[in-house]
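*Asks:* This structure is in C-alpha cells; I'll ask about it shortly.
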Amino acid sequence: MHYVIVGNSAAAIGAVEGIRSVDPNGRITLFSDEPYHTYSRPLISYYLFGKVTEDKMYYRPLDFYERQGVEARLGTKVSSLMLEEKMVVLESGERVSYDRLILATGGKPILPPMPGRELEGVSSFLKWEDVKGLEKTLFPGARTLVIGAGLIGLKAAEALVKRGAQVTVVELANRVLSAILDESAAAMVQESLEEHGVRFFLENTVAEILGTEGKVSGVRLQDGTVRECDRVVIAIGVSPNTNLAKDTELMLNRGVLVDEFMQTSVAGIYAAGDVAEGYDILYRQKRVLPILPNAYKQGFTAGVNVAGGSQSYRGGFAMNSIGFFDLPMITAGIVKPEGDEFTVMLAADKARRLYKKMVLREGKIVGFIALNQIDRAGILTGLMDKEVDVTPFQDDLLREDFGYVYFPKEYRQQQLLKGVLEGEPS
Amino acid sequence: MKRVYAREEICGGCKLCEVHCAVAHSQYPHDIIKAFLKQETKPIARILVEEGRPISFALQCRHCEDAPCTKACITGAMQKDPVTGIVTNDETRCVGCWTCILVCPFGAIKRDESEHKVASKCDLCATVGGTPVCVQNCPNDALVFTDELWRR
C-alpha cells in the first residue's frame with residue numbers, strides 16, 4: 001500500500017500518525033512545497049519577536065520522518081492530480097502513483113485585488129517564509145500597517161510591536177477579532193492593544209498601496225486618508241488551498257467536501273485540515289474550521305481510515321485560545337447569536353477587563369467568550385463537544401470557581417472515575 | 001494504566017495534596033520549608049481541590065486515552081508516552097498559548113507564569129517513580145492510585 005500525503009503541517013502530521021497507528025509498514029510519501037521540516041504555523045509570530053528560536057519551530061522532532069518511515073519530499077510541489085490514473089504530477093513533470101491520497105494542503109492567504117500588492121515591503125503572514133522575510137528587513141521604528149484585525153493580523157501586530165515597529169491596523173469590520181468576539185469584549189481587547197501603542201482604523205480598509213521606486217511608501221484608505229508607512233502586512237484571512245482539487249471531480253464548496261471519515265467524494269482520496277470542509281456540530285452544516293486542533297484530529301482520522309481502520313470524527317466547532325501581551329482569551333462556537341432560540345448569560349468587569357459570555361441553545365452550551373479569565377475553559381468546550389444538557393447547573397456556569405463540583409454527582413463520577421467503574425462500557 | 005482517583009465522600013478538603021504536589025515540583029522537591037521560603041515565586045500545585053457544598057475532591061490530569069491536549073498542542077510539546085500512557089508537557093518547547101487549556105475537558109492544566117509562560121500539569125510524579133506524592137500524603141486515603149475496577 002502506498003499512501004501519498006500532500007502537505008506537511010498539522011493535518012499531514014496527524015495523517016502520518018493516524019496511518020502508523022493502524023499500518024506500521026505501508027509506504028508513505030509526503031510532499032511539501034516548502035523546504036522545511038514540519039514546523040508549527042501558529043508559531044511564526046513568536047518566531048518574529050524572538051520568543052521561539054529556529055530549533056523550536058519544529059512541530060515534531062527532527063528524526064520524525066525517519067522514525068515513522070516517511071519519505072518526505074520537501075521543497076517539492078505537486079502541481080496537479082490525475083485521479084483516473086491515481087497519480088500526482090509534480091512541478092518537474094514527474095508522476096508519482098498512489099493507492100491512497102490525503103490532501104492536507106492547508107490554506108492560502110486571501111489577497112484582495114488592491115493596487116500595489118506587488119511592491120517590496122508587502123507581505124502576508126501565514127508561512128515561515130513570510131516572517132523570515134519580514135525579520136530580515138524590519139528596523140526599529142518601522143511604520144508598519146497591518147490590514148485585518150483578525151487572529152492573524154493581531155498576532156502579527158503584537159509581534160511587530162515587540163520588535164519595535166510602529167503598528168497601525170486597518171479593519172473593515174466595526175471591531176477587532178470580529179469572528180471570535182462581540183462588541184463589548186472586542187472593545188476591551190482593542191483598548192489593551194492601544195495601550196501598547198497599536199493604532200486602529202475600523203470600518204475602513206486599504207484601497208491602494210502606494211509606492212516609490214518599487215517600494216512601499218504608504219497606503220490610501222477607502223475614506224481617502226493617506227498614511228505613510230514602510231511595511232504592509234496583509235492579514236485579511238485565509239481560504240482553503242483547493243488549487244489541486246479544482247478542475248477535478250472532487251466535490252468542492254469553500255473547501256474540499258469530506259464525510260465523517262474524512263473521505264472526499266472520490267473513494268480512496270481523503271482531505272483534512274484547513275483545505276477540508278467537514279461538519280460543524282454547532283452550525284449544523286459543513287464549514288471550514290481552520291484551527292490547528294481540528295486539522296490534527298481530521299488528519300489523524302483520515303490516516304486511520306485510509307489505512308483500513310475505522311474511525312469517525314463527527315465534527316468540530318470553532319474554538320480559539322489566543323492572547324495579546326498580557327491579555328489572554330478563550331472563545332468557542334457561536335459568540336454573537338441571532339434569534340430567540342438562544343439564551344445569553346453575561347458577567348463583565350470593565351476595569352479588570354474581565355468578560356464572560358455564555359450562549360445556550362436547547363439547554364446546551366453552544367458558545368462562550370472568556371476574556372482574561374480562561375482557567376479551566378476546556379470544561380466548557382468539553383460540555384459543548386459532548387452536547388451535555390447544562391440546565392441543572394446553568395446558574396453556576398459564570399462562577400469564577402466553576403468546575404466538576406457543580407455537576408450532578410452521577411455525571412461527575414462517570415467522568416472522574418472512568419477506568420475504575422465496574423460495568424462501564426469499555 | 002494506573003491513575004489517581006479521588007473518593008469525594010471521604011476527602012476532607014485539607015489540600016495537603018496540593019501542598020505536597022507543589023513541593024515535589026518545586027526547585028526543592030524534598031524540602032517543604034525551602035520550597036515555599038526560598039523559591040522566588042510560590043511553587044504551583046498540579047492538582048486542584050474542588051470544594052463546594054458538602055463535598056470536596058482533588059482533580060488532576062486524567063492522562064486520557066485520546067488526550068485532546070496532545071492533539072491540540074501547537075508546538076508538539078504536549079505528548080503522551082506510548083509506553084507508560086503518561087501525558088507530559090515539554091516545558092522548554094511550550095510557549096504558553098493555552099490551547100491545551102482550551103481543550104482539556106477536566107480543566108486540569110494550569111498556567112505557570114512564574115518564569116516564561118508554560119502549561120503546568122500532573123506528570124504522575126513519573127520522574128521520581130512510585131506512588132505520586134499527592135496519594136502518599138493524603139491523610140485519609142481519599143486518593144487512590146490504581147488501575148483496577150473498584151467502584152459499584
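Identifiers in this document derive from the order of the C-alpha cells: chains are assigned A, B, ..., residues are numbered from 1 separately in each chain, and ligands are numbered from 1 in order of occurrence.
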What's around Thr146 of chain B at 12 Å? Count only C-alpha atoms, leave out sequence neighbours fewer than 2 positions away in its own chain, and write the answer as a list in words.
*Replies:*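 Those residues are Leu417, Lys418, Gly419, Val420 and Leu421 of chain A; Met1, Lys2, Arg3, Val4, Tyr5, Ala6, Leu124, Gly130, Thr131, Pro132, Val135, Leu143, Val144, Glu148, Leu149, Trp150 and Arg151 of chain B.
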*Asks:* Output the selection as a PDB file, in the first residue's frame - C-alpha atoms for each residue.
*Replies:*
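out-v1.pdb written:
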```
ATOM      1  CA  LEU A 417     -13.866   7.594  37.798  1.00  0.00           C
ATOM      2  CA  LYS A 418     -13.518   6.492  34.208  1.00  0.00           C
ATOM      3  CA  GLY A 419     -11.413   3.347  34.217  1.00  0.00           C
ATOM      4  CA  VAL A 420     -12.342   2.093  37.675  1.00  0.00           C
ATOM      5  CA  LEU A 421     -16.118   1.859  37.418  1.00  0.00           C
TER       6      LEU A 421
ATOM      7  CA  MET B   1      -2.726   2.435  33.209  1.00  0.00           C
ATOM      8  CA  LYS B   2      -2.641   3.453  36.854  1.00  0.00           C
ATOM      9  CA  ARG B   3      -4.306   6.775  37.557  1.00  0.00           C
ATOM     10  CA  VAL B   4      -5.108   8.778  40.658  1.00  0.00           C
ATOM     11  CA  TYR B   5      -8.765   8.644  41.672  1.00  0.00           C
ATOM     12  CA  ALA B   6     -10.460  10.743  44.329  1.00  0.00           C
ATOM     13  CA  LEU B 124       2.088  11.295  37.949  1.00  0.00           C
ATOM     14  CA  GLY B 130       6.419   5.034  42.553  1.00  0.00           C
ATOM     15  CA  THR B 131       3.229   6.362  44.055  1.00  0.00           C
ATOM     16  CA  PRO B 132       2.505  10.025  43.300  1.00  0.00           C
ATOM     17  CA  VAL B 135      -1.576   9.941  47.109  1.00  0.00           C
ATOM     18  CA  LEU B 143      -6.755   9.461  46.832  1.00  0.00           C
ATOM     19  CA  VAL B 144      -6.176   6.059  45.275  1.00  0.00           C
ATOM     20  CA  GLU B 148      -8.328  -1.827  38.993  1.00  0.00           C
ATOM     21  CA  LEU B 149     -12.098  -1.737  38.900  1.00  0.00           C
ATOM     22  CA  TRP B 150     -13.317  -0.886  42.363  1.00  0.00           C
ATOM     23  CA  ARG B 151     -16.469   1.157  42.080  1.00  0.00           C
TER      24      ARG B 151
END
```
*Asks:* Any chance you could tabulate, as a Markdown table, the residues of chain A at most 7 Å from chain B with each one's nearest atom pair and distance in Å to one decimal, using only C-alpha atoms, in chain and rising number order?
*Replies:*
```
| residue | atom | partner | partner_atom | distance |
| --- | --- | --- | --- | --- |
| A:Ser40 | CA | B:Thr75 | CA | 6.1 |
| A:Pro42 | CA | B:Ile74 | CA | 6.7 |
| A:Lys56 | CA | B:Arg93 | CA | 6.3 |
| A:Tyr59 | CA | B:Gly76 | CA | 5.1 |
| A:Arg60 | CA | B:Gly76 | CA | 6.0 |
| A:Leu292 | CA | B:Ala72 | CA | 6.4 |
| A:Pro293 | CA | B:Ala72 | CA | 4.1 |
| A:Tyr296 | CA | B:Lys71 | CA | 6.1 |
| A:Lys297 | CA | B:Lys71 | CA | 6.6 |
| A:Ser321 | CA | B:Thr99 | CA | 5.3 |
| A:Ile322 | CA | B:Cys97 | CA | 6.4 |
| A:Ile330 | CA | B:Leu102 | CA | 6.5 |
| A:Asp375 | CA | B:Ile101 | CA | 6.9 |
| A:Arg376 | CA | B:Gly107 | CA | 3.9 |
| A:Ala377 | CA | B:Leu102 | CA | 5.7 |
| A:Gly378 | CA | B:Leu102 | CA | 4.5 |
| A:Ile379 | CA | B:Pro105 | CA | 4.3 |
| A:Thr381 | CA | B:Val103 | CA | 6.5 |
| A:Gly382 | CA | B:Pro105 | CA | 4.6 |
| A:Val405 | CA | B:Glu50 | CA | 6.2 |
| A:Leu417 | CA | B:Tyr5 | CA | 6.5 |
| A:Gly419 | CA | B:Leu149 | CA | 6.9 |
| A:Val420 | CA | B:Leu149 | CA | 4.0 |
| A:Leu421 | CA | B:Arg151 | CA | 4.7 |
| A:Glu422 | CA | B:Leu149 | CA | 5.6 |
```
*Asks:* What residues in segment 81-186 of chain A get the DSSP label strand (DSSP E or B)? Please answer as number ranges by chain.
*Replies:* A: 81-82, 87-90, 95-97, 100-103, 107-109, 120, 122-124, 143-147, 166-171
*Asks:* Run DSSP on the backbone of this structure and report the residues of segment 218-300 of chain A it assigns to alpha helix (DSSP H), as an MDAnalysis selection string.
*Replies:* chainID A and resid 292:300
*Asks:* Got a sec: who's within 12 Å of Gln39 of chain B, counting only C-alpha atoms, leaving out chain neighbours fewer than 5 positions off, as a PyMOL selection string?
*Replies:* chain B and resi 22-23+25-29+31-34+44+114-115
*Asks:* Take the residues from that selection and write them out as a CSV table (one decimal), in the first residue's frame, keeping C-alpha atoms.
*Replies:*
```csv
chain,number,residue,atom,x,y,z
B,22,ALA,CA,3.7,21.9,44.7
B,23,VAL,CA,6.7,21.0,46.7
B,25,HIS,CA,7.5,20.0,41.5
B,26,SER,CA,9.5,22.9,43.0
B,27,GLN,CA,13.2,23.7,43.0
B,28,TYR,CA,13.4,22.0,46.4
B,29,PRO,CA,11.4,18.8,45.9
B,31,ASP,CA,12.3,20.4,51.5
B,32,ILE,CA,8.9,21.8,52.2
B,33,ILE,CA,10.2,24.8,54.0
B,34,LYS,CA,12.7,25.8,51.4
B,44,ILE,CA,2.4,25.8,41.8
B,114,SER,CA,6.5,32.3,37.2
B,115,GLU,CA,9.2,32.3,34.6
```
*Asks:* Between atom CA of Ile44 of chain A and atom CA of Lys127 of chain A, what is the distance, to one decimal in Å?
*Replies:*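 It comes out at 7.2 Å.
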*Asks:* If you count only C-alpha atoms, which residues fall within 12 Å of Glu34 of chain A, apart from same-chain ones fewer than 5 positions away, as a ChimeraX atom specification?
*Replies:* /A:6-9,39,41,72-78,105,127-130
*Asks:* For a test of reading the model, state the distance in Å between atom CA of Gly237 of chain A and atom CA of Leu360 of chain A, rounded to one decimal.
*Replies:* 28.1 Å
*Asks:* Which polymer residues have any atom within 12 Å of an atom of Ser265 of chain A, counting only C-alpha atoms, with same-chain residues fewer than 6 positions away left out, as an MDAnalysis selection string?
*Replies:* chainID A and resid 83 245 248:253 256:259 271 276:277
*Asks:* What separation in Å, quoted to one decimal, exists between atom CA of Lys38 of chain B and atom CA of Gln136 of chain B?
*Replies:*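 Separating atom CA of Lys38 of chain B from atom CA of Gln136 of chain B is a distance of 24.2 Å.
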*Asks:* Residues within 12 Å of Gln263 of chain A, please, as a ChimeraX atom specification. Count only C-alpha atoms; anything in the same chain fewer than 2 positions from it doesn't count.
*Replies:* /A:100-103,250-251,256-261,265-272,276-278,298-299,301-306,310-313
*Asks:* Store the residues picked out above in a file with C-alpha atoms, as a PDB file, in the first residue's frame.
*Replies:*
```pdb
ATOM      1  CA  ARG A 100      -4.479   6.256  -1.347  1.00  0.00           C
ATOM      2  CA  LEU A 101      -4.186  10.033  -1.346  1.00  0.00           C
ATOM      3  CA  ILE A 102      -4.566  12.516   1.514  1.00  0.00           C
ATOM      4  CA  LEU A 103      -4.867  16.194   0.684  1.00  0.00           C
ATOM      5  CA  LEU A 250     -13.588  16.179  -6.242  1.00  0.00           C
ATOM      6  CA  MET A 251     -16.594  17.970  -4.840  1.00  0.00           C
ATOM      7  CA  VAL A 256     -12.883  20.055  -0.306  1.00  0.00           C
ATOM      8  CA  LEU A 257     -16.025  18.362   0.999  1.00  0.00           C
ATOM      9  CA  VAL A 258     -15.406  15.421   3.315  1.00  0.00           C
ATOM     10  CA  ASP A 259     -17.600  12.992   5.221  1.00  0.00           C
ATOM     11  CA  GLU A 260     -17.172  11.969   8.859  1.00  0.00           C
ATOM     12  CA  PHE A 261     -14.355   9.610   7.833  1.00  0.00           C
ATOM     13  CA  SER A 265     -16.419  12.497  -2.923  1.00  0.00           C
ATOM     14  CA  VAL A 266     -13.887  10.217  -4.634  1.00  0.00           C
ATOM     15  CA  ALA A 267     -13.189   6.860  -2.987  1.00  0.00           C
ATOM     16  CA  GLY A 268      -9.628   6.474  -1.743  1.00  0.00           C
ATOM     17  CA  ILE A 269      -8.995  10.210  -1.587  1.00  0.00           C
ATOM     18  CA  TYR A 270      -9.171  11.934   1.755  1.00  0.00           C
ATOM     19  CA  ALA A 271      -8.773  15.545   2.844  1.00  0.00           C
ATOM     20  CA  ALA A 272      -8.051  17.109   6.220  1.00  0.00           C
ATOM     21  CA  ALA A 276     -11.208  20.413   4.035  1.00  0.00           C
ATOM     22  CA  GLU A 277     -14.799  21.238   4.715  1.00  0.00           C
ATOM     23  CA  GLY A 278     -16.211  18.920   7.343  1.00  0.00           C
ATOM     24  CA  GLN A 298      -9.115  15.405  10.933  1.00  0.00           C
ATOM     25  CA  GLY A 299      -5.680  14.374   9.721  1.00  0.00           C
ATOM     26  CA  THR A 301      -8.914  10.362  11.388  1.00  0.00           C
ATOM     27  CA  ALA A 302      -8.076  10.401   7.680  1.00  0.00           C
ATOM     28  CA  GLY A 303      -4.899   8.450   8.411  1.00  0.00           C
ATOM     29  CA  VAL A 304      -6.674   5.758  10.404  1.00  0.00           C
ATOM     30  CA  ASN A 305      -9.361   5.293   7.759  1.00  0.00           C
ATOM     31  CA  VAL A 306      -7.044   5.402   4.792  1.00  0.00           C
ATOM     32  CA  SER A 310     -12.438   2.773  11.093  1.00  0.00           C
ATOM     33  CA  GLN A 311     -12.729   5.990  12.996  1.00  0.00           C
ATOM     34  CA  SER A 312     -15.292   8.688  12.554  1.00  0.00           C
ATOM     35  CA  TYR A 313     -14.916  12.310  13.531  1.00  0.00           C
TER      36      TYR A 313
END
```
*Asks:* Segment 353-359 of chain A: which residues within 8 Å, counting only C-alpha atoms, same-chain residues fewer than 4 positions away excluded, as a PyMOL selection string?
*Replies:* chain A and resi 185+188+334-335+337+342-349+365-373+397-398
